[in-house]
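Undergrad: Structure file query-v5.cif, mmCIF, C-alpha atoms (C1' of nucleotides), is pasted below:
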data_coords
loop_
_atom_site.label_atom_id
_atom_site.label_comp_id
_atom_site.auth_asym_id
_atom_site.auth_seq_id
_atom_site.Cartn_x
_atom_site.Cartn_y
_atom_site.Cartn_z
CA MET V 1 60.57 46.80 -14.61
CA SER V 2 63.46 46.80 -17.02
CA ASP V 3 65.55 49.85 -17.75
CA GLU V 4 64.91 49.67 -21.46
CA VAL V 5 62.84 52.34 -23.12
CA SER V 6 59.54 50.73 -24.09
CA ALA V 7 57.77 51.10 -27.43
CA LEU V 8 55.02 53.05 -25.78
CA GLN V 9 57.43 55.44 -24.13
CA ARG V 10 58.85 56.29 -27.51
CA GLU V 11 55.37 56.81 -28.94
CA ILE V 12 54.38 59.35 -26.34
CA GLY V 13 57.77 61.03 -26.17
CA GLN V 14 58.19 60.19 -22.53
CA LYS V 15 61.74 60.02 -21.23
CA ARG V 16 61.18 58.66 -17.78
CA PRO V 17 60.16 54.97 -17.48
CA PHE V 18 56.64 54.07 -16.48
CA ARG V 19 56.01 54.06 -12.80
CA SER V 20 54.58 50.57 -12.99
CA ARG V 21 53.77 47.84 -15.42
CA SER V 22 50.09 48.49 -14.73
CA GLN V 23 50.44 52.05 -15.88
CA GLU V 24 52.09 51.00 -19.10
CA ALA V 25 49.42 48.39 -19.72
CA VAL V 26 46.59 50.85 -19.08
CA LEU V 27 48.02 53.39 -21.49
CA GLY V 28 48.66 50.62 -23.98
CA ILE V 29 45.03 49.55 -23.90
CA LEU V 30 43.71 53.08 -24.32
CA ARG V 31 46.12 53.93 -27.09
CA THR V 32 45.64 50.71 -29.00
CA ALA V 33 41.88 51.12 -28.86
CA ASP V 34 42.24 54.62 -30.34
CA VAL V 35 44.39 53.31 -33.16
CA VAL V 36 42.05 50.44 -33.95
CA ARG V 37 38.95 52.59 -33.72
CA ARG V 38 40.29 55.03 -36.24
CA TYR V 39 41.37 52.20 -38.50
CA LEU V 40 37.84 50.81 -38.53
CA ALA V 41 36.28 54.24 -38.99
CA ARG V 42 38.16 54.73 -42.23
CA VAL V 43 36.54 51.75 -43.92
CA LEU V 44 33.06 52.97 -42.98
CA GLU V 45 33.63 56.56 -44.00
CA PRO V 46 32.68 56.16 -47.70
CA TYR V 47 29.29 54.82 -46.59
CA ASP V 48 28.50 57.82 -44.41
CA VAL V 49 28.13 55.75 -41.33
CA THR V 50 30.13 56.01 -38.11
CA PRO V 51 31.45 53.03 -36.17
CA GLN V 52 28.81 53.52 -33.50
CA GLN V 53 26.02 53.71 -36.05
CA TYR V 54 27.30 50.53 -37.65
CA ASN V 55 27.42 48.96 -34.21
CA VAL V 56 23.77 49.81 -33.55
CA LEU V 57 22.68 48.52 -36.94
CA ARG V 58 24.36 45.20 -36.23
CA ILE V 59 22.75 44.96 -32.82
CA LEU V 60 19.34 45.70 -34.31
CA ARG V 61 19.78 43.21 -37.11
CA GLY V 62 20.59 40.61 -34.48
CA ALA V 63 17.41 41.52 -32.63
CA GLY V 64 15.18 40.74 -35.58
CA THR V 65 11.75 42.13 -36.35
CA GLU V 66 10.71 42.74 -32.75
CA GLY V 67 13.32 45.39 -32.26
CA LEU V 68 14.94 46.42 -29.01
CA PRO V 69 14.16 49.10 -26.41
CA THR V 70 16.56 52.03 -26.27
CA LEU V 71 18.06 51.11 -22.92
CA THR V 72 18.82 47.55 -23.96
CA ILE V 73 20.75 48.86 -26.93
CA GLY V 74 22.62 51.15 -24.59
CA GLU V 75 23.59 48.29 -22.29
CA ARG V 76 25.03 46.30 -25.13
CA MET V 77 27.01 49.30 -26.34
CA LEU V 78 28.13 50.36 -22.85
CA GLU V 79 26.55 53.71 -23.49
CA ASP V 80 24.11 55.81 -21.52
CA SER V 81 20.66 56.35 -22.89
CA PRO V 82 21.05 60.01 -23.89
CA GLY V 83 23.74 59.03 -26.34
CA VAL V 84 21.66 56.16 -27.67
CA THR V 85 18.58 58.31 -28.18
CA ARG V 86 20.50 60.78 -30.28
CA LEU V 87 22.44 58.14 -32.16
CA ILE V 88 19.18 56.55 -33.17
CA ASP V 89 17.67 59.93 -34.00
CA ARG V 90 20.28 60.16 -36.74
CA LEU V 91 19.71 56.64 -38.00
CA VAL V 92 15.97 57.31 -38.14
CA ALA V 93 16.66 60.52 -40.06
CA LYS V 94 18.60 58.44 -42.60
CA GLY V 95 15.73 55.98 -42.84
CA MET V 96 17.81 53.08 -41.60
CA VAL V 97 15.93 52.51 -38.35
CA SER V 98 12.29 52.88 -37.33
CA ARG V 99 10.97 53.55 -33.84
CA GLN V 100 7.69 52.67 -32.23
CA ARG V 101 6.33 52.81 -28.73
CA SER V 102 5.86 49.39 -27.18
CA ARG V 103 2.28 48.30 -26.50
CA GLU V 104 3.02 46.18 -23.45
CA ASP V 105 4.98 48.93 -21.75
CA ARG V 106 4.31 52.33 -23.18
CA ARG V 107 7.45 53.76 -21.60
CA GLN V 108 9.60 51.70 -23.90
CA VAL V 109 10.50 52.69 -27.42
CA LEU V 110 11.28 49.76 -29.67
CA CYS V 111 13.89 50.37 -32.34
CA ARG V 112 13.96 48.20 -35.44
CA ILE V 113 16.27 48.09 -38.38
CA ALA V 114 14.61 49.18 -41.64
CA PRO V 115 15.30 47.72 -45.11
CA PRO V 116 17.83 50.44 -46.08
CA GLY V 117 19.76 49.59 -42.93
CA LEU V 118 19.82 45.93 -43.87
CA ASP V 119 20.98 46.84 -47.35
CA LEU V 120 23.82 48.89 -45.96
CA LEU V 121 24.93 46.07 -43.68
CA GLY V 122 24.83 43.70 -46.61
CA GLN V 123 27.11 46.01 -48.56
CA ILE V 124 29.73 46.56 -45.90
CA ASN V 125 29.75 43.46 -43.73
CA GLY V 126 32.47 41.77 -45.71
CA LEU V 127 34.62 44.88 -45.74
CA VAL V 128 34.46 45.26 -41.98
CA ASP V 129 35.20 41.59 -41.42
CA ALA V 130 38.29 41.83 -43.58
CA ARG V 131 39.25 44.99 -41.75
CA ASP V 132 39.11 43.24 -38.39
CA ASP V 133 41.44 40.60 -39.75
CA ASP V 134 43.79 43.28 -41.05
CA ALA V 135 43.75 45.09 -37.75
CA LEU V 136 44.84 42.01 -35.80
CA GLY V 137 46.52 39.98 -38.52
CA MET V 138 50.00 40.52 -37.14
CA LEU V 139 49.15 38.27 -34.20
CA THR V 140 49.03 34.50 -34.46
CA PRO V 141 45.74 32.76 -33.63
CA ASP V 142 47.20 31.70 -30.30
CA GLU V 143 48.26 35.24 -29.52
CA GLN V 144 44.81 36.53 -30.38
CA LYS V 145 43.33 33.92 -28.10
CA GLU V 146 45.62 34.97 -25.28
CA LEU V 147 44.81 38.66 -25.85
CA ILE V 148 41.10 37.91 -25.73
CA ARG V 149 41.58 35.98 -22.52
CA LEU V 150 43.51 38.77 -20.82
CA LEU V 151 41.02 41.43 -21.86
CA ASP V 152 38.11 39.27 -20.69
CA ARG V 153 39.76 38.99 -17.30
CA ILE V 154 40.12 42.74 -17.02
CA ARG V 155 36.49 43.40 -17.86
CA ALA V 156 35.24 40.58 -15.65
CA HIS V 157 37.00 42.17 -12.71
CA HIS V 158 35.33 45.50 -13.36
CA GLN V 159 31.78 44.26 -13.66
CA ALA V 160 31.50 43.52 -9.96
CA MET I 1 37.00 28.72 -33.07
CA SER I 2 35.32 26.78 -30.32
CA ASP I 3 31.58 26.37 -30.02
CA GLU I 4 31.49 27.78 -26.52
CA VAL I 5 29.81 31.06 -25.88
CA SER I 6 32.55 33.57 -25.08
CA ALA I 7 32.51 36.08 -22.24
CA LEU I 8 32.25 38.91 -24.69
CA GLN I 9 29.31 37.34 -26.49
CA ARG I 10 27.42 37.25 -23.25
CA GLU I 11 28.30 40.86 -22.51
CA ILE I 12 26.89 42.15 -25.75
CA GLY I 13 23.92 39.79 -25.80
CA GLN I 14 25.03 38.19 -29.02
CA LYS I 15 23.83 34.67 -29.65
CA ARG I 16 25.78 33.78 -32.74
CA PRO I 17 29.53 33.14 -32.32
CA PHE I 18 32.01 35.68 -33.61
CA ARG I 19 32.85 35.36 -37.25
CA SER I 20 36.53 35.27 -36.43
CA ARG I 21 38.94 35.44 -33.59
CA SER I 22 40.10 38.81 -34.96
CA GLN I 23 36.64 40.21 -34.64
CA GLU I 24 36.36 39.08 -31.05
CA ALA I 25 39.75 40.54 -30.23
CA VAL I 26 38.94 43.89 -31.86
CA LEU I 27 35.69 44.21 -29.93
CA GLY I 28 37.48 43.12 -26.78
CA ILE I 29 40.05 45.88 -27.15
CA LEU I 30 37.46 48.57 -27.78
CA ARG I 31 35.23 47.44 -24.97
CA THR I 32 38.00 47.02 -22.44
CA ALA I 33 39.33 50.48 -23.23
CA ASP I 34 35.86 51.93 -22.59
CA VAL I 35 35.64 50.17 -19.25
CA VAL I 36 39.11 51.26 -18.16
CA ARG I 37 38.61 54.83 -19.35
CA ARG I 38 35.47 55.23 -17.31
CA TYR I 39 37.17 53.68 -14.31
CA LEU I 40 39.96 56.23 -14.48
CA ALA I 41 37.55 59.09 -15.09
CA ARG I 42 35.77 58.41 -11.82
CA VAL I 43 38.88 59.03 -9.74
CA LEU I 44 39.49 62.38 -11.44
CA GLU I 45 35.91 63.57 -11.24
CA PRO I 46 36.12 65.12 -7.74
CA TYR I 47 38.98 67.31 -8.98
CA ASP I 48 37.01 68.69 -11.91
CA VAL I 49 39.47 67.46 -14.43
CA THR I 50 38.84 65.04 -17.29
CA PRO I 51 41.19 62.20 -18.25
CA GLN I 52 42.32 64.09 -21.31
CA GLN I 53 43.00 67.25 -19.33
CA TYR I 54 45.00 65.21 -16.84
CA ASN I 55 46.86 63.66 -19.75
CA VAL I 56 47.82 67.07 -21.14
CA LEU I 57 48.91 68.32 -17.74
CA ARG I 58 51.23 65.33 -17.37
CA ILE I 59 52.66 65.85 -20.82
CA LEU I 60 53.29 69.51 -20.08
CA ARG I 61 54.85 68.80 -16.74
CA GLY I 62 57.21 66.42 -18.51
CA ALA I 63 58.10 69.14 -21.00
CA GLY I 64 59.33 71.52 -18.31
CA THR I 65 59.49 75.29 -18.43
CA GLU I 66 59.96 75.59 -22.18
CA GLY I 67 56.53 74.21 -22.89
CA LEU I 68 55.41 72.42 -26.02
CA PRO I 69 53.80 73.59 -29.28
CA THR I 70 50.17 72.62 -29.74
CA LEU I 71 50.79 70.12 -32.52
CA THR I 72 53.46 68.27 -30.55
CA ILE I 73 50.99 67.79 -27.73
CA GLY I 74 48.49 66.49 -30.25
CA GLU I 75 50.96 63.93 -31.61
CA ARG I 76 51.63 62.54 -28.19
CA MET I 77 47.92 62.29 -27.45
CA LEU I 78 47.02 60.89 -30.87
CA GLU I 79 44.65 63.80 -31.30
CA ASP I 80 44.17 66.34 -34.06
CA SER I 81 45.02 69.93 -33.42
CA PRO I 82 41.47 71.31 -33.23
CA GLY I 83 40.77 69.12 -30.27
CA VAL I 84 44.02 70.09 -28.62
CA THR I 85 43.40 73.80 -29.10
CA ARG I 86 40.04 73.61 -27.36
CA LEU I 87 41.26 71.27 -24.66
CA ILE I 88 43.96 73.76 -23.80
CA ASP I 89 41.50 76.66 -24.05
CA ARG I 90 39.73 75.09 -21.08
CA LEU I 91 42.90 74.48 -19.11
CA VAL I 92 43.94 78.08 -19.71
CA ALA I 93 40.50 79.21 -18.52
CA LYS I 94 41.10 77.27 -15.30
CA GLY I 95 44.51 78.89 -14.90
CA MET I 96 46.34 75.57 -15.08
CA VAL I 97 48.17 76.25 -18.35
CA SER I 98 49.61 79.37 -19.99
CA ARG I 99 50.13 79.96 -23.69
CA GLN I 100 52.60 82.11 -25.52
CA ARG I 101 53.62 82.51 -29.13
CA SER I 102 57.11 81.19 -29.84
CA ARG I 103 59.79 83.74 -30.76
CA GLU I 104 61.81 81.49 -33.04
CA ASP I 105 58.79 80.45 -35.07
CA ARG I 106 55.89 82.80 -34.65
CA ARG I 107 53.46 80.22 -36.03
CA GLN I 108 53.93 78.05 -33.00
CA VAL I 109 52.10 78.50 -29.71
CA LEU I 110 54.00 77.18 -26.73
CA CYS I 111 51.88 75.75 -23.92
CA ARG I 112 53.30 75.56 -20.43
CA ILE I 113 51.92 74.17 -17.21
CA ALA I 114 51.19 76.85 -14.59
CA PRO I 115 51.64 76.49 -10.82
CA PRO I 116 47.98 75.58 -10.15
CA GLY I 117 48.35 72.78 -12.68
CA LEU I 118 51.42 71.47 -10.90
CA ASP I 119 49.57 71.65 -7.60
CA LEU I 120 46.72 69.62 -8.99
CA LEU I 121 49.07 66.97 -10.35
CA GLY I 122 50.77 66.79 -6.97
CA GLN I 123 47.42 66.16 -5.32
CA ILE I 124 46.17 63.43 -7.61
CA ASN I 125 49.24 61.64 -8.95
CA GLY I 126 49.24 59.03 -6.24
CA LEU I 127 45.53 58.38 -6.63
CA VAL I 128 45.84 57.79 -10.34
CA ASP I 129 48.82 55.51 -9.91
CA ALA I 130 46.91 53.40 -7.43
CA ARG I 131 43.97 53.39 -9.80
CA ASP I 132 46.09 52.00 -12.62
CA ASP I 133 47.18 49.18 -10.34
CA ASP I 134 43.58 48.51 -9.37
CA ALA I 135 42.50 48.49 -12.98
CA LEU I 136 45.02 45.82 -13.95
CA GLY I 137 45.65 44.16 -10.61
CA MET I 138 43.84 40.97 -11.53
CA LEU I 139 46.63 40.11 -13.97
CA THR I 140 49.97 38.75 -12.83
CA PRO I 141 53.10 40.75 -13.71
CA ASP I 142 53.89 38.25 -16.45
CA GLU I 143 50.41 38.55 -17.88
CA GLN I 144 50.67 42.32 -17.88
CA LYS I 145 53.98 42.03 -19.66
CA GLU I 146 52.45 39.78 -22.28
CA LEU I 147 49.49 42.11 -22.73
CA ILE I 148 51.81 45.06 -23.23
CA ARG I 149 53.80 43.10 -25.78
CA LEU I 150 50.71 42.11 -27.77
CA LEU I 151 49.31 45.64 -27.78
CA ASP I 152 52.69 47.05 -28.82
CA ARG I 153 52.72 44.67 -31.78
CA ILE I 154 49.27 45.81 -32.88
CA ARG I 155 50.18 49.48 -32.77
CA ALA I 156 53.56 48.91 -34.41
CA HIS I 157 51.80 47.30 -37.34
CA HIS I 158 49.52 50.29 -37.76
CA GLN I 159 52.13 52.99 -37.70
CA ALA I 160 53.51 52.02 -41.10
"C1'" DA A 1 -7.92 53.83 -5.56
"C1'" DC A 2 -4.07 56.82 -4.37
"C1'" DG A 3 0.46 58.40 -3.49
"C1'" DA A 4 5.34 57.36 -3.40
"C1'" DC A 5 8.67 55.42 -5.80
"C1'" DA A 6 10.90 53.27 -9.83
"C1'" DT A 7 11.61 52.84 -14.82
"C1'" DA A 8 12.32 54.33 -19.68
"C1'" DC A 9 13.28 57.65 -21.99
"C1'" DT A 10 14.17 62.72 -23.64
"C1'" DT A 11 16.26 67.25 -23.43
"C1'" DG A 12 19.85 70.63 -22.26
"C1'" DA A 13 24.51 71.63 -21.37
"C1'" DC A 14 29.15 70.81 -21.91
"C1'" DA A 15 33.77 67.98 -23.09
"C1'" DT A 16 35.83 65.52 -26.74
"C1'" DG A 17 36.96 63.85 -31.61
"C1'" DT A 18 37.17 64.86 -36.43
"C1'" DC A 19 36.63 67.13 -41.01
"C1'" DA A 20 36.91 71.20 -43.85
"C1'" DA A 21 38.08 75.83 -44.41
"C1'" DC A 22 40.75 79.65 -43.06
"C1'" DC A 23 44.74 82.85 -41.40
"C1'" DA A 24 49.52 83.81 -40.35
"C1'" DT A 25 54.09 82.61 -40.85
"C1'" DT A 26 57.92 80.25 -42.88
"C1'" DC A 27 60.33 77.80 -46.56
"C1'" DA A 28 61.88 76.80 -51.19
"C1'" DT A 29 63.11 78.22 -55.45
"C1'" DC A 30 63.73 80.71 -59.01
"C1'" DG C 1 63.96 88.97 -52.60
"C1'" DA C 2 59.11 87.95 -54.51
"C1'" DT C 3 55.94 84.14 -54.95
"C1'" DG C 4 53.78 79.74 -54.40
"C1'" DA C 5 53.79 75.77 -51.43
"C1'" DA C 6 54.12 73.96 -46.86
"C1'" DT C 7 53.49 74.38 -41.82
"C1'" DG C 8 51.16 75.61 -37.34
"C1'" DG C 9 47.07 76.93 -35.49
"C1'" DT C 10 42.23 78.43 -34.97
"C1'" DT C 11 37.30 78.35 -36.08
"C1'" DG C 12 32.89 76.24 -37.57
"C1'" DA C 13 30.09 72.26 -37.97
"C1'" DC C 14 28.68 67.98 -36.52
"C1'" DA C 15 28.92 63.06 -34.01
"C1'" DT C 16 29.63 61.16 -29.63
"C1'" DG C 17 29.88 60.64 -24.36
"C1'" DT C 18 28.12 62.00 -19.99
"C1'" DC C 19 25.71 64.44 -16.20
"C1'" DA C 20 21.53 66.63 -14.42
"C1'" DA C 21 16.93 67.52 -14.80
"C1'" DG C 22 12.40 66.73 -16.72
"C1'" DT C 23 8.25 63.82 -18.60
"C1'" DA C 24 5.46 59.82 -19.16
"C1'" DT C 25 4.32 55.43 -17.61
"C1'" DG C 26 4.28 51.54 -14.50
"C1'" DT C 27 4.40 49.23 -9.85
"C1'" DC C 28 3.56 48.67 -5.05
"C1'" DG C 29 1.83 49.25 -0.49
"C1'" DT C 30 -1.82 50.41 1.95
#
For the structure just supplied, provide its representation as structure tokens.

TA:
Amino acid sequence: MSDEVSALQREIGQKRPFRSRSQEAVLGILRTADVVRRYLARVLEPYDVTPQQYNVLRILRGAGTEGLPTLTIGERMLEDSPGVTRLIDRLVAKGMVSRQRSREDRRQVLCRIAPPGLDLLGQINGLVDARDDDALGMLTPDEQKELIRLLDRIRAHHQA
Amino acid sequence: MSDEVSALQREIGQKRPFRSRSQEAVLGILRTADVVRRYLARVLEPYDVTPQQYNVLRILRGAGTEGLPTLTIGERMLEDSPGVTRLIDRLVAKGMVSRQRSREDRRQVLCRIAPPGLDLLGQINGLVDARDDDALGMLTPDEQKELIRLLDRIRAHHQA
DNA sequence: ACGACATACTTGACATGTCAACCATTCATC
DNA sequence: GATGAATGGTTGACATGTCAAGTATGTCGT
């Protein structure tokens, strides 16, 4: 570790250097995710939809007319089912998603995107895409590629 | 963009390639942060302290006996004051933090770490440090350095 | 066919973020 | 030095995570 004061140290008002490079990297990941998450939330705000709700709508659009069971949605979002149930409760209340018990397995509840949900996605897709580019635009394509690679490695290690 | 299916695509069950490298990188950051956050939370769980509470305790230990005003804590955590107030409410309830109105500026509330809080930090510091190393240990020191640099660039761009 | 176990949720309780509204104190400026 | 604006915090309301417990359905072994 160098003796210089890192950017992150300044951000969190910490005088003493990080104990390890790992520690600095971990805090960097968490903090950057917070910054990016808030940045994305702001573009969705005018449409009265949260990032997670947007996320679910995109997943359901990808699933097509058959819909997806609650737990499958949760796996893709890395979220436990209680959170998913309630998230979808709100989307159903807004008329953007419909729910129906599966016939093959009556324990499952299939969630499908409804026309108003598709409309909303149509309206804001472009905005969110542009926002992603803005959020990472300060990195060159090669740097983005390297970042993706490093993050993939971290997650791969944690799946086992 | 290549035609290969990326690691992240597989994780989220998405068949169609990402619209842009930026989009893949943004999702990678958010998802990796979730994974790492949960990993850290598990080591704190037995001590009945959440990652955010641990975070505040470390900040307050760094601040020494004078303590810090609520808003200053919030800035360092990237959190708004309502969240900080309630977070500290819980730490006060556990006896790990004490609060006192400042004499110079009676609007401010100075928060200080109490002896039980210091004890707790003493018990779990080493565990958390080791956990950080575990969380990022699959990357070489140079890779960690590069990751830190890339994340710093992203945040720097968003502060303006 | 029946009971034990597993699966797919749902509900309740609580921590965390975030917005809007509010109170107390301080500052700026006339 | 009184008054209106700014600052520091708290409270209320609601979305999101997460654990524990409960319900309905399905599966398996015998």

Undergrad: Work out how far CA of Arg106 (chain V) is from C1' of DT25 (chain C), in Å to one decimal.

TA: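 Answer for the C1' of DT25 (chain C) to CA of Arg106 (chain V) separation: 6.4 Å.
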
Undergrad: Which residues of chain I have any atom within 9 Å of an atom in chain A when counting all atoms listed in the file, and what is the closest pair of atoms for each, with the distance in Å to one decimal? Order the rows by chain and rising number and write it as JSON lines.

TA:
{"residue": "I:Thr50", "atom": "CA", "partner": "A:DA15", "partner_atom": "C1'", "distance": 8.2}
{"residue": "I:Gln52", "atom": "CA", "partner": "A:DT16", "partner_atom": "C1'", "distance": 8.6}
{"residue": "I:Glu79", "atom": "CA", "partner": "A:DG17", "partner_atom": "C1'", "distance": 7.7}
{"residue": "I:Asp80", "atom": "CA", "partner": "A:DT18", "partner_atom": "C1'", "distance": 7.5}
{"residue": "I:Pro82", "atom": "CA", "partner": "A:DT18", "partner_atom": "C1'", "distance": 8.4}
{"residue": "I:Gly83", "atom": "CA", "partner": "A:DG17", "partner_atom": "C1'", "distance": 6.6}
{"residue": "I:Leu87", "atom": "CA", "partner": "A:DT16", "partner_atom": "C1'", "distance": 8.2}
{"residue": "I:Asp105", "atom": "CA", "partner": "A:DT25", "partner_atom": "C1'", "distance": 7.8}
{"residue": "I:Arg106", "atom": "CA", "partner": "A:DT25", "partner_atom": "C1'", "distance": 6.5}
{"residue": "I:Arg107", "atom": "CA", "partner": "A:DT25", "partner_atom": "C1'", "distance": 5.4}

Undergrad: Carefully work through the PyMOL selection byres ((chain V and resi 36) around 12) for this structure and note down the residues it includes, as a ChimeraX atom specification.

TA: /V:28-35,37-43,51,131-136 /I:22-23,25-31,33,78,151,154-159

Undergrad: I'd like the interatomic distance between CA of Gln53 (chain V) and CA of Gly95 (chain V), to a tenth of an Å.

TA: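 Going from CA of Gln53 (chain V) over to CA of Gly95 (chain V) covers 12.5 Å.
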
Undergrad: Given a cut-off of 8 Å, which residues of chain C touch chain V, counting all atoms listed in the file, written out as a PyMOL selection string?

TA: chain C and resi 16-18+24-26

Undergrad: Distance CA of Thr140 (chain I)-CA of Arg19 (chain V), one decimal place?

TA: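 One can read the CA of Thr140 (chain I) to CA of Arg19 (chain V) distance as 16.5 Å.
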
Undergrad: Given all atoms listed in the file as the basis, pick out the residue of V:Leu127, V:Leu110, V:Ala93, V:Ile12 nearest to Pro46 (chain V).

TA: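 Between V:Leu127, V:Leu110, V:Ala93, V:Ile12, the residue approaching Pro46 (chain V) most closely is V:Leu127.
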
Undergrad: Can you find the residues with an atom no farther than 10 Å from (16.5, 49.5, -33.3), counting only C-alpha atoms (C1' of nucleotides), and report them as a PDB file with C-alpha atoms, keeping the file's coordinate frame?

TA:
ATOM      1  CA  VAL V  56      23.770  49.810 -33.550  1.00  0.00           C
ATOM      2  CA  LEU V  57      22.680  48.520 -36.940  1.00  0.00           C
ATOM      3  CA  ARG V  58      24.360  45.200 -36.230  1.00  0.00           C
ATOM      4  CA  ILE V  59      22.750  44.960 -32.820  1.00  0.00           C
ATOM      5  CA  LEU V  60      19.340  45.700 -34.310  1.00  0.00           C
ATOM      6  CA  ARG V  61      19.780  43.210 -37.110  1.00  0.00           C
ATOM      7  CA  GLY V  62      20.590  40.610 -34.480  1.00  0.00           C
ATOM      8  CA  ALA V  63      17.410  41.520 -32.630  1.00  0.00           C
ATOM      9  CA  GLY V  64      15.180  40.740 -35.580  1.00  0.00           C
ATOM     10  CA  THR V  65      11.750  42.130 -36.350  1.00  0.00           C
ATOM     11  CA  GLU V  66      10.710  42.740 -32.750  1.00  0.00           C
ATOM     12  CA  GLY V  67      13.320  45.390 -32.260  1.00  0.00           C
ATOM     13  CA  LEU V  68      14.940  46.420 -29.010  1.00  0.00           C
ATOM     14  CA  PRO V  69      14.160  49.100 -26.410  1.00  0.00           C
ATOM     15  CA  THR V  70      16.560  52.030 -26.270  1.00  0.00           C
ATOM     16  CA  THR V  72      18.820  47.550 -23.960  1.00  0.00           C
ATOM     17  CA  ILE V  73      20.750  48.860 -26.930  1.00  0.00           C
ATOM     18  CA  ILE V  88      19.180  56.550 -33.170  1.00  0.00           C
ATOM     19  CA  LEU V  91      19.710  56.640 -38.000  1.00  0.00           C
ATOM     20  CA  VAL V  92      15.970  57.310 -38.140  1.00  0.00           C
ATOM     21  CA  MET V  96      17.810  53.080 -41.600  1.00  0.00           C
ATOM     22  CA  VAL V  97      15.930  52.510 -38.350  1.00  0.00           C
ATOM     23  CA  SER V  98      12.290  52.880 -37.330  1.00  0.00           C
ATOM     24  CA  ARG V  99      10.970  53.550 -33.840  1.00  0.00           C
ATOM     25  CA  GLN V 100       7.690  52.670 -32.230  1.00  0.00           C
ATOM     26  CA  VAL V 109      10.500  52.690 -27.420  1.00  0.00           C
ATOM     27  CA  LEU V 110      11.280  49.760 -29.670  1.00  0.00           C
ATOM     28  CA  CYS V 111      13.890  50.370 -32.340  1.00  0.00           C
ATOM     29  CA  ARG V 112      13.960  48.200 -35.440  1.00  0.00           C
ATOM     30  CA  ILE V 113      16.270  48.090 -38.380  1.00  0.00           C
ATOM     31  CA  ALA V 114      14.610  49.180 -41.640  1.00  0.00           C
TER      32      ALA V 114
END
